[in-house]
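The next block is structure-v1.cif, given as mmCIF, C-alpha atoms.
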data_work
#
loop_
_atom_site.group_PDB
_atom_site.id
_atom_site.type_symbol
_atom_site.label_atom_id
_atom_site.label_comp_id
_atom_site.auth_asym_id
_atom_site.auth_seq_id
_atom_site.Cartn_x
_atom_site.Cartn_y
_atom_site.Cartn_z
ATOM 1 C CA MET A 1259 58.673 -26.638 -84.016
ATOM 2 C CA THR A 1260 57.893 -30.137 -82.737
ATOM 3 C CA THR A 1261 57.080 -31.581 -86.146
ATOM 4 C CA HIS A 1262 59.452 -34.274 -87.389
ATOM 5 C CA PHE A 1263 60.895 -31.897 -89.968
ATOM 6 C CA GLY A 1264 61.129 -28.960 -87.556
ATOM 7 C CA VAL A 1265 63.018 -30.976 -84.949
ATOM 8 C CA MET A 1266 65.350 -32.325 -87.635
ATOM 9 C CA VAL A 1267 66.120 -28.791 -88.824
ATOM 10 C CA VAL A 1268 66.859 -27.588 -85.273
ATOM 11 C CA PHE A 1269 69.054 -30.650 -84.645
ATOM 12 C CA ALA A 1270 70.947 -30.035 -87.909
ATOM 13 C CA LEU A 1271 71.393 -26.390 -86.943
ATOM 14 C CA PHE A 1272 72.936 -27.212 -83.544
ATOM 15 C CA VAL A 1273 75.213 -29.928 -84.921
ATOM 16 C CA SER A 1274 76.425 -27.858 -87.870
ATOM 17 C CA VAL A 1275 77.147 -24.810 -85.675
ATOM 18 C CA VAL A 1276 79.234 -26.877 -83.231
ATOM 19 C CA PHE A 1277 81.107 -28.830 -85.938
ATOM 20 C CA ALA A 1278 81.828 -25.727 -88.037
ATOM 21 C CA THR A 1279 83.128 -23.901 -84.956
ATOM 22 C CA LEU A 1280 85.263 -26.894 -83.975
ATOM 23 C CA MET A 1281 86.765 -27.553 -87.389
ATOM 24 C CA ARG A 1282 87.541 -24.032 -88.652
ATOM 25 C CA ASP A 1283 89.268 -21.081 -87.001
ATOM 26 C CA ASP A 1284 88.289 -18.227 -89.292
ATOM 27 C CA PRO A 1285 84.660 -17.015 -88.836
ATOM 28 C CA ALA A 1286 84.117 -16.788 -92.630
ATOM 29 C CA ASP A 1287 85.316 -20.380 -93.051
ATOM 30 C CA GLN A 1288 83.118 -21.432 -90.139
ATOM 31 C CA LEU A 1289 80.088 -19.857 -91.816
ATOM 32 C CA ARG A 1290 80.811 -21.557 -95.126
ATOM 33 C CA LEU A 1291 81.329 -24.977 -93.533
ATOM 34 C CA GLY A 1292 78.298 -24.488 -91.273
ATOM 35 C CA ILE A 1293 76.037 -23.763 -94.254
ATOM 36 C CA ARG A 1294 77.386 -26.793 -96.136
ATOM 37 C CA LEU A 1295 76.943 -29.076 -93.117
ATOM 38 C CA PHE A 1296 73.449 -27.754 -92.437
ATOM 39 C CA GLY A 1297 72.427 -28.214 -96.081
ATOM 40 C CA GLY A 1298 73.942 -31.691 -96.153
ATOM 41 C CA LEU A 1299 72.179 -32.793 -92.977
ATOM 42 C CA VAL A 1300 68.750 -31.418 -93.905
ATOM 43 C CA GLY A 1301 69.069 -32.459 -97.570
ATOM 44 C CA GLY A 1302 70.307 -35.917 -96.564
ATOM 45 C CA GLY A 1303 67.401 -36.292 -94.140
ATOM 46 C CA VAL A 1304 64.830 -35.337 -96.777
ATOM 47 C CA LEU A 1305 66.493 -37.614 -99.349
ATOM 48 C CA ALA A 1306 66.584 -40.548 -96.913
ATOM 49 C CA GLY A 1307 62.908 -39.907 -96.126
ATOM 50 C CA TRP A 1308 61.936 -40.101 -99.811
ATOM 51 C CA LEU A 1309 64.089 -43.189 -100.389
ATOM 52 C CA LEU A 1310 62.442 -44.945 -97.440
ATOM 53 C CA TYR A 1311 58.936 -43.759 -98.372
ATOM 54 C CA PRO A 1312 58.053 -46.757 -100.632
ATOM 55 C CA LEU A 1313 59.050 -49.316 -98.000
ATOM 56 C CA PRO A 1314 56.029 -51.080 -96.489
ATOM 57 C CA PHE A 1315 57.381 -51.074 -92.910
ATOM 58 C CA MET B 1215 90.043 -13.902 -81.995
ATOM 59 C CA SER B 1216 93.385 -13.909 -80.199
ATOM 60 C CA ALA B 1217 94.196 -17.563 -80.906
ATOM 61 C CA GLU B 1218 97.933 -16.894 -81.053
ATOM 62 C CA THR B 1219 98.086 -16.194 -77.321
ATOM 63 C CA ALA B 1220 96.793 -19.685 -76.569
ATOM 64 C CA ASP B 1221 99.352 -21.402 -78.730
ATOM 65 C CA ARG B 1222 102.016 -21.918 -76.112
ATOM 66 C CA VAL B 1223 102.280 -25.432 -74.755
ATOM 67 C CA ARG B 1224 100.790 -25.908 -71.296
ATOM 68 C CA SER B 1225 102.022 -28.155 -68.520
ATOM 69 C CA THR B 1226 100.407 -31.580 -68.189
ATOM 70 C CA ARG B 1227 98.643 -30.534 -64.978
ATOM 71 C CA ASP B 1228 97.219 -27.418 -66.639
ATOM 72 C CA THR B 1229 96.137 -29.419 -69.674
ATOM 73 C CA TYR B 1230 94.121 -31.875 -67.611
ATOM 74 C CA LEU B 1231 92.678 -29.050 -65.507
ATOM 75 C CA ILE B 1232 91.595 -27.299 -68.706
ATOM 76 C CA CYS B 1233 89.987 -30.537 -69.907
ATOM 77 C CA ALA B 1234 88.122 -30.927 -66.604
ATOM 78 C CA VAL B 1235 86.859 -27.345 -66.793
ATOM 79 C CA ALA B 1236 85.934 -27.806 -70.470
ATOM 80 C CA TRP B 1237 83.921 -30.897 -69.540
ATOM 81 C CA ALA B 1238 82.218 -29.280 -66.535
ATOM 82 C CA LEU B 1239 81.114 -26.148 -68.398
ATOM 83 C CA PRO B 1240 80.877 -26.352 -72.199
ATOM 84 C CA GLY B 1241 83.175 -23.803 -73.816
ATOM 85 C CA ALA B 1242 84.989 -22.900 -70.592
ATOM 86 C CA GLY B 1243 88.176 -24.645 -71.725
ATOM 87 C CA HIS B 1244 88.326 -22.591 -74.910
ATOM 88 C CA LEU B 1245 87.582 -19.403 -72.970
ATOM 89 C CA TRP B 1246 90.479 -20.270 -70.622
ATOM 90 C CA LEU B 1247 92.697 -20.757 -73.684
ATOM 91 C CA ARG B 1248 91.569 -17.351 -74.983
ATOM 92 C CA ARG B 1249 89.646 -18.762 -77.906
ATOM 93 C CA ARG B 1250 86.770 -16.482 -77.034
ATOM 94 C CA GLN B 1251 84.670 -16.854 -80.157
ATOM 95 C CA LYS B 1252 84.723 -20.659 -80.028
ATOM 96 C CA GLY B 1253 84.203 -20.717 -76.274
ATOM 97 C CA LEU B 1254 81.149 -18.467 -76.442
ATOM 98 C CA VAL B 1255 79.605 -20.480 -79.292
ATOM 99 C CA PHE B 1256 80.000 -23.721 -77.280
ATOM 100 C CA LEU B 1257 78.833 -22.036 -74.066
ATOM 101 C CA VAL B 1258 75.573 -20.999 -75.726
ATOM 102 C CA THR B 1259 74.942 -23.821 -78.224
ATOM 103 C CA LEU B 1260 75.562 -26.969 -76.184
ATOM 104 C CA PRO B 1261 73.493 -26.108 -73.068
ATOM 105 C CA LEU B 1262 70.759 -24.816 -75.406
ATOM 106 C CA MET B 1263 70.756 -28.125 -77.254
ATOM 107 C CA PHE B 1264 70.590 -29.934 -73.899
ATOM 108 C CA LEU B 1265 67.665 -27.748 -72.768
ATOM 109 C CA PHE B 1266 65.928 -28.422 -76.070
ATOM 110 C CA GLY B 1267 66.292 -32.155 -75.399
ATOM 111 C CA LEU B 1268 64.694 -31.727 -71.963
ATOM 112 C CA TRP B 1269 61.887 -29.640 -73.486
ATOM 113 C CA LEU B 1270 61.247 -32.439 -75.985
ATOM 114 C CA GLU B 1271 60.727 -34.747 -72.979
ATOM 115 C CA GLY B 1272 63.869 -36.781 -73.485
ATOM 116 C CA ARG B 1273 65.276 -38.910 -70.694
ATOM 117 C CA LEU B 1274 68.521 -38.572 -68.780
ATOM 118 C CA PHE B 1275 69.425 -42.238 -68.643
ATOM 119 C CA PRO B 1276 70.636 -43.910 -65.430
ATOM 120 C CA PHE B 1277 73.854 -45.931 -65.241
ATOM 121 C CA GLU B 1278 72.473 -49.451 -65.505
ATOM 122 C CA LEU B 1279 75.362 -51.753 -66.302
ATOM 123 C CA THR B 1280 72.944 -54.630 -66.822
ATOM 124 C CA GLN B 1281 71.650 -52.753 -69.884
ATOM 125 C CA PRO B 1282 74.730 -51.761 -71.909
ATOM 126 C CA LEU B 1283 72.903 -49.436 -74.326
ATOM 127 C CA VAL B 1284 71.298 -47.539 -71.444
ATOM 128 C CA ALA B 1285 74.695 -47.261 -69.740
ATOM 129 C CA LEU B 1286 76.228 -45.902 -72.972
ATOM 130 C CA ALA B 1287 73.421 -43.345 -73.281
ATOM 131 C CA ALA B 1288 74.018 -42.319 -69.651
ATOM 132 C CA PHE B 1289 77.748 -41.958 -70.379
ATOM 133 C CA ALA B 1290 76.915 -39.705 -73.348
ATOM 134 C CA ASP B 1291 74.438 -37.645 -71.276
ATOM 135 C CA ILE B 1292 77.018 -37.000 -68.562
ATOM 136 C CA GLY B 1293 79.380 -35.618 -71.212
ATOM 137 C CA LEU B 1294 77.769 -32.223 -70.806
ATOM 138 C CA GLY B 1295 79.017 -31.810 -67.228
ATOM 139 C CA VAL B 1296 77.361 -29.366 -64.810
ATOM 140 C CA PRO B 1297 74.132 -28.814 -66.814
ATOM 141 C CA TYR B 1298 73.531 -32.578 -66.573
ATOM 142 C CA PHE B 1299 73.919 -32.590 -62.791
ATOM 143 C CA LEU B 1300 71.787 -29.441 -62.446
ATOM 144 C CA ALA B 1301 69.027 -31.043 -64.493
ATOM 145 C CA LYS B 1302 69.253 -34.231 -62.411
ATOM 146 C CA ALA B 1303 69.157 -32.232 -59.159
ATOM 147 C CA MET B 1304 66.084 -30.330 -60.381
ATOM 148 C CA GLY B 1305 64.307 -33.559 -61.235
ATOM 149 C CA ALA B 1306 64.303 -32.832 -64.971
ATOM 150 C CA GLY B 1307 64.936 -35.445 -67.617
ATOM 151 C CA ALA B 1308 62.543 -38.088 -66.346
ATOM 152 C CA GLY B 1309 61.424 -38.618 -69.940
ATOM 153 C CA ARG B 1310 57.911 -39.405 -71.089
ATOM 154 C CA VAL B 1311 58.038 -42.516 -73.251
ATOM 155 C CA ILE B 1312 54.613 -41.917 -74.813
ATOM 156 C CA ALA B 1313 55.528 -38.379 -75.907
ATOM 157 C CA GLN B 1314 55.784 -37.987 -79.673
ATOM 158 C CA THR B 1315 59.131 -36.228 -79.241
ATOM 159 C CA PHE B 1316 60.660 -38.641 -76.683
ATOM 160 C CA GLU B 1317 63.235 -40.173 -79.042
ATOM 161 C CA TYR B 1318 64.096 -36.770 -80.497
ATOM 162 C CA GLY B 1319 64.658 -35.458 -76.981
ATOM 163 C CA ASN B 1320 66.974 -38.395 -76.258
ATOM 164 C CA ALA B 1321 68.913 -37.640 -79.451
ATOM 165 C CA PHE B 1322 69.368 -33.987 -78.431
ATOM 166 C CA LEU B 1323 70.500 -34.937 -74.897
ATOM 167 C CA ILE B 1324 72.894 -37.664 -76.024
ATOM 168 C CA VAL B 1325 74.396 -35.716 -78.925
ATOM 169 C CA SER B 1326 74.916 -32.565 -76.832
ATOM 170 C CA GLY B 1327 76.978 -34.654 -74.395
ATOM 171 C CA LEU B 1328 78.967 -36.320 -77.187
ATOM 172 C CA LEU B 1329 79.633 -32.977 -78.883
ATOM 173 C CA ASN B 1330 80.947 -31.607 -75.594
ATOM 174 C CA MET B 1331 83.349 -34.557 -75.426
ATOM 175 C CA LEU B 1332 84.674 -33.500 -78.837
ATOM 176 C CA VAL B 1333 84.986 -29.948 -77.526
ATOM 177 C CA VAL B 1334 87.025 -31.274 -74.577
ATOM 178 C CA LEU B 1335 89.348 -33.130 -76.985
ATOM 179 C CA ASP B 1336 89.742 -29.951 -79.046
ATOM 180 C CA ALA B 1337 90.619 -27.993 -75.887
ATOM 181 C CA PHE B 1338 93.194 -30.692 -75.084
ATOM 182 C CA ASP B 1339 94.784 -30.286 -78.532
ATOM 183 C CA VAL B 1340 94.863 -26.507 -78.209
ATOM 184 C CA ALA B 1341 96.415 -26.729 -74.739
ATOM 185 C CA GLN B 1342 99.064 -29.097 -76.102
ATOM 186 C CA GLY B 1343 99.886 -26.609 -78.862
ATOM 187 C CA ARG B 1344 98.718 -28.911 -81.654
ATOM 188 C CA LYS B 1345 96.146 -26.450 -83.014
#

As structure tokens, please, write out the structure in this file.
Amino acid sequence: MTTHFGVMVVFALFVSVVFATLMRDDPADQLRLGIRLFGGLVGGGVLAGWLLYPLPF
Amino acid sequence: MSAETADRVRSTRDTYLICAVAWALPGAGHLWLRRRQKGLVFLVTLPLMFLFGLWLEGRLFPFELTQPLVALAAFADIGLGVPYFLAKAMGAGAGRVIAQTFEYGNAFLIVSGLLNMLVVLDAFDVAQGRK
């Protein structure tokens, strides 16, 4: 749970739940947006990690 | 969700009271406006995120105007309302700088407060009949 990746996943989960609930009224729409946000946040984090991996600092 | 019942426009005094309640207890503004599903999600998620930040040994920053970034972090922390003051009163949120999760904890604490500010703005819009 307290690994870098684990904490990022939990953070993405909280943020996507709150944003999806805020931005959509229908529960089905909220679920769809929540999944997209969660995937985008975790996927973006992993992608940014790989892009930064070759940097020497 | 009975959103329709909350759609009537509230008086200015009621609107600001709803905003104050929404700030003090995450989700309470939406519950007042009969947006039960949203209110319950905020009531559970935001304090849980805050608690997670404390568990990760994040710091509740003090208002130090000489250090603008610290003051901004403190402003964000206080966005969560009562849970912030409860944590302060209980002596939680001292933060342990050498902890591996210190910065993550700070991110959870700060973002939970900022998200609650967005929730307050949403409650304001609902109370004004805009949503």

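Relative to CA of Leu1262 (chain B), CA of Leu1239 (chain B) is found at 12.6 Å.
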
List every residue of chain A that has an atom at most 12 Å from any atom of region 1329-1344 of chain B, giving for each one its closest atom pair and the distance in Å to one decimal, counting all atoms listed in the file, sorted by chain and then by ascending residue number, as CSV.
residue,atom,partner,partner_atom,distance
A:Phe1272,CA,B:Leu1329,CA,10.0
A:Val1273,CA,B:Leu1329,CA,8.1
A:Ser1274,CA,B:Leu1329,CA,10.8
A:Val1275,CA,B:Leu1329,CA,10.9
A:Val1276,CA,B:Leu1329,CA,7.5
A:Phe1277,CA,B:Leu1329,CA,8.3
A:Ala1278,CA,B:Val1333,CA,11.8
A:Thr1279,CA,B:Val1333,CA,9.8
A:Leu1280,CA,B:Val1333,CA,7.1
A:Met1281,CA,B:Asp1336,CA,9.2
A:Arg1282,CA,B:Asp1336,CA,11.5
A:Asp1283,CA,B:Val1340,CA,11.7

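Proximity ranking of B:Met1304, B:Val1311, B:Ile1324, B:Leu1283 relative to chain A places B:Ile1324 first, based on all atoms listed in the file.
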
Contacts of Asp1284 (chain A) at 12 Å (all atoms listed in the file; same-chain gap of 3+ positions) as a ChimeraX atom specification: /A:1278-1281,1287-1292 /B:1215-1217,1249,1251-1252

Return as an MDAnalysis selection string the set of residues that the PyMOL selection byres ((chain B) within 7 of (chain A)) yields on the displayed structure. chainID B and resid 1252 1256 1259 1263

Skipping near chain neighbours, those fewer than 5 positions away, what residues fall within 6 Å of region 1316-1321 of chain B using all atoms listed in the file, listed as an MDAnalysis selection string? chainID B and resid 1267 1270:1273 1311

So how many Å separate CA of Arg1248 (chain B) and CA of Pro1297 (chain B), to one decimal?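 About the pair CA of Arg1248 (chain B) and CA of Pro1297 (chain B): they are 22.4 Å apart.
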
Which value, in Å to one decimal, gives the distance between CA of Gly1293 (chain B) and CA of Leu1328 (chain B)? 6.0 Å

Counting only C-alpha atoms, figure out which residue out of B:Leu1286, B:Trp1269, B:Gly1327, B:Leu1294 gets nearest to Gly1307 (chain B).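 Going through B:Leu1286, B:Trp1269, B:Gly1327, B:Leu1294 one by one, the smallest distance to Gly1307 (chain B) is for B:Trp1269.
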
Test item: residues at most 12 Å from Phe1299 (chain B), only C-alpha atoms, excluding those fewer than 6 positions along its chain, as a ChimeraX atom specification: /B:1238-1239,1264,1274,1288,1291-1293,1305-1307

Which residue is closest to Ile1232 (chain B)? Choose from B:Val1325, B:Leu1247, B:Val1255, B:Val1296 and count only C-alpha atoms. B:Leu1247

Using the incomplete input, complete region 1272-1290 of chain B to the level of N, CA and C atoms; output as a PDB file, keeping the file's coordinate frame.
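Saved file result20.pdb follows:
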ATOM      1  N   GLY B1272      62.887 -35.706 -73.448  1.00  0.00           N
ATOM      2  CA  GLY B1272      63.869 -36.781 -73.485  1.00  0.00           C
ATOM      3  C   GLY B1272      64.230 -37.222 -72.077  1.00  0.00           C
ATOM      4  N   ARG B1273      64.943 -38.328 -72.004  1.00  0.00           N
ATOM      5  CA  ARG B1273      65.276 -38.910 -70.694  1.00  0.00           C
ATOM      6  C   ARG B1273      66.776 -38.830 -70.438  1.00  0.00           C
ATOM      7  N   LEU B1274      67.121 -38.467 -69.206  1.00  0.00           N
ATOM      8  CA  LEU B1274      68.521 -38.572 -68.780  1.00  0.00           C
ATOM      9  C   LEU B1274      68.690 -39.987 -68.228  1.00  0.00           C
ATOM     10  N   PHE B1275      69.381 -40.808 -68.968  1.00  0.00           N
ATOM     11  CA  PHE B1275      69.425 -42.238 -68.643  1.00  0.00           C
ATOM     12  C   PHE B1275      70.269 -42.517 -67.400  1.00  0.00           C
ATOM     13  N   PRO B1276      69.851 -43.516 -66.611  1.00  0.00           N
ATOM     14  CA  PRO B1276      70.636 -43.910 -65.430  1.00  0.00           C
ATOM     15  C   PRO B1276      71.758 -44.879 -65.830  1.00  0.00           C
ATOM     16  N   PHE B1277      72.771 -44.961 -64.987  1.00  0.00           N
ATOM     17  CA  PHE B1277      73.854 -45.931 -65.241  1.00  0.00           C
ATOM     18  C   PHE B1277      73.378 -47.319 -64.835  1.00  0.00           C
ATOM     19  N   GLU B1278      72.896 -48.075 -65.787  1.00  0.00           N
ATOM     20  CA  GLU B1278      72.473 -49.451 -65.505  1.00  0.00           C
ATOM     21  C   GLU B1278      73.388 -50.379 -66.295  1.00  0.00           C
ATOM     22  N   LEU B1279      74.361 -50.939 -65.610  1.00  0.00           N
ATOM     23  CA  LEU B1279      75.362 -51.753 -66.302  1.00  0.00           C
ATOM     24  C   LEU B1279      74.773 -53.056 -66.838  1.00  0.00           C
ATOM     25  N   THR B1280      73.597 -53.414 -66.300  1.00  0.00           N
ATOM     26  CA  THR B1280      72.944 -54.630 -66.822  1.00  0.00           C
ATOM     27  C   THR B1280      72.356 -54.382 -68.215  1.00  0.00           C
ATOM     28  N   GLN B1281      72.150 -53.105 -68.548  1.00  0.00           N
ATOM     29  CA  GLN B1281      71.650 -52.753 -69.884  1.00  0.00           C
ATOM     30  C   GLN B1281      72.703 -51.877 -70.581  1.00  0.00           C
ATOM     31  N   PRO B1282      73.588 -52.495 -71.349  1.00  0.00           N
ATOM     32  CA  PRO B1282      74.730 -51.761 -71.909  1.00  0.00           C
ATOM     33  C   PRO B1282      74.353 -50.525 -72.723  1.00  0.00           C
ATOM     34  N   LEU B1283      73.276 -50.593 -73.506  1.00  0.00           N
ATOM     35  CA  LEU B1283      72.903 -49.436 -74.326  1.00  0.00           C
ATOM     36  C   LEU B1283      72.445 -48.261 -73.460  1.00  0.00           C
ATOM     37  N   VAL B1284      71.734 -48.583 -72.374  1.00  0.00           N
ATOM     38  CA  VAL B1284      71.298 -47.539 -71.444  1.00  0.00           C
ATOM     39  C   VAL B1284      72.516 -46.912 -70.763  1.00  0.00           C
ATOM     40  N   ALA B1285      73.475 -47.768 -70.386  1.00  0.00           N
ATOM     41  CA  ALA B1285      74.695 -47.261 -69.740  1.00  0.00           C
ATOM     42  C   ALA B1285      75.474 -46.361 -70.702  1.00  0.00           C
ATOM     43  N   LEU B1286      75.530 -46.735 -71.977  1.00  0.00           N
ATOM     44  CA  LEU B1286      76.228 -45.902 -72.972  1.00  0.00           C
ATOM     45  C   LEU B1286      75.524 -44.560 -73.149  1.00  0.00           C
ATOM     46  N   ALA B1287      74.184 -44.593 -73.163  1.00  0.00           N
ATOM     47  CA  ALA B1287      73.421 -43.345 -73.281  1.00  0.00           C
ATOM     48  C   ALA B1287      73.675 -42.463 -72.061  1.00  0.00           C
ATOM     49  N   ALA B1288      73.747 -43.078 -70.879  1.00  0.00           N
ATOM     50  CA  ALA B1288      74.018 -42.319 -69.651  1.00  0.00           C
ATOM     51  C   ALA B1288      75.412 -41.702 -69.716  1.00  0.00           C
ATOM     52  N   PHE B1289      76.376 -42.465 -70.232  1.00  0.00           N
ATOM     53  CA  PHE B1289      77.748 -41.958 -70.379  1.00  0.00           C
ATOM     54  C   PHE B1289      77.765 -40.747 -71.324  1.00  0.00           C
ATOM     55  N   ALA B1290      76.987 -40.826 -72.408  1.00  0.00           N
ATOM     56  CA  ALA B1290      76.915 -39.705 -73.348  1.00  0.00           C
ATOM     57  C   ALA B1290      76.239 -38.496 -72.688  1.00  0.00           C
TER      58      ALA B1290
END
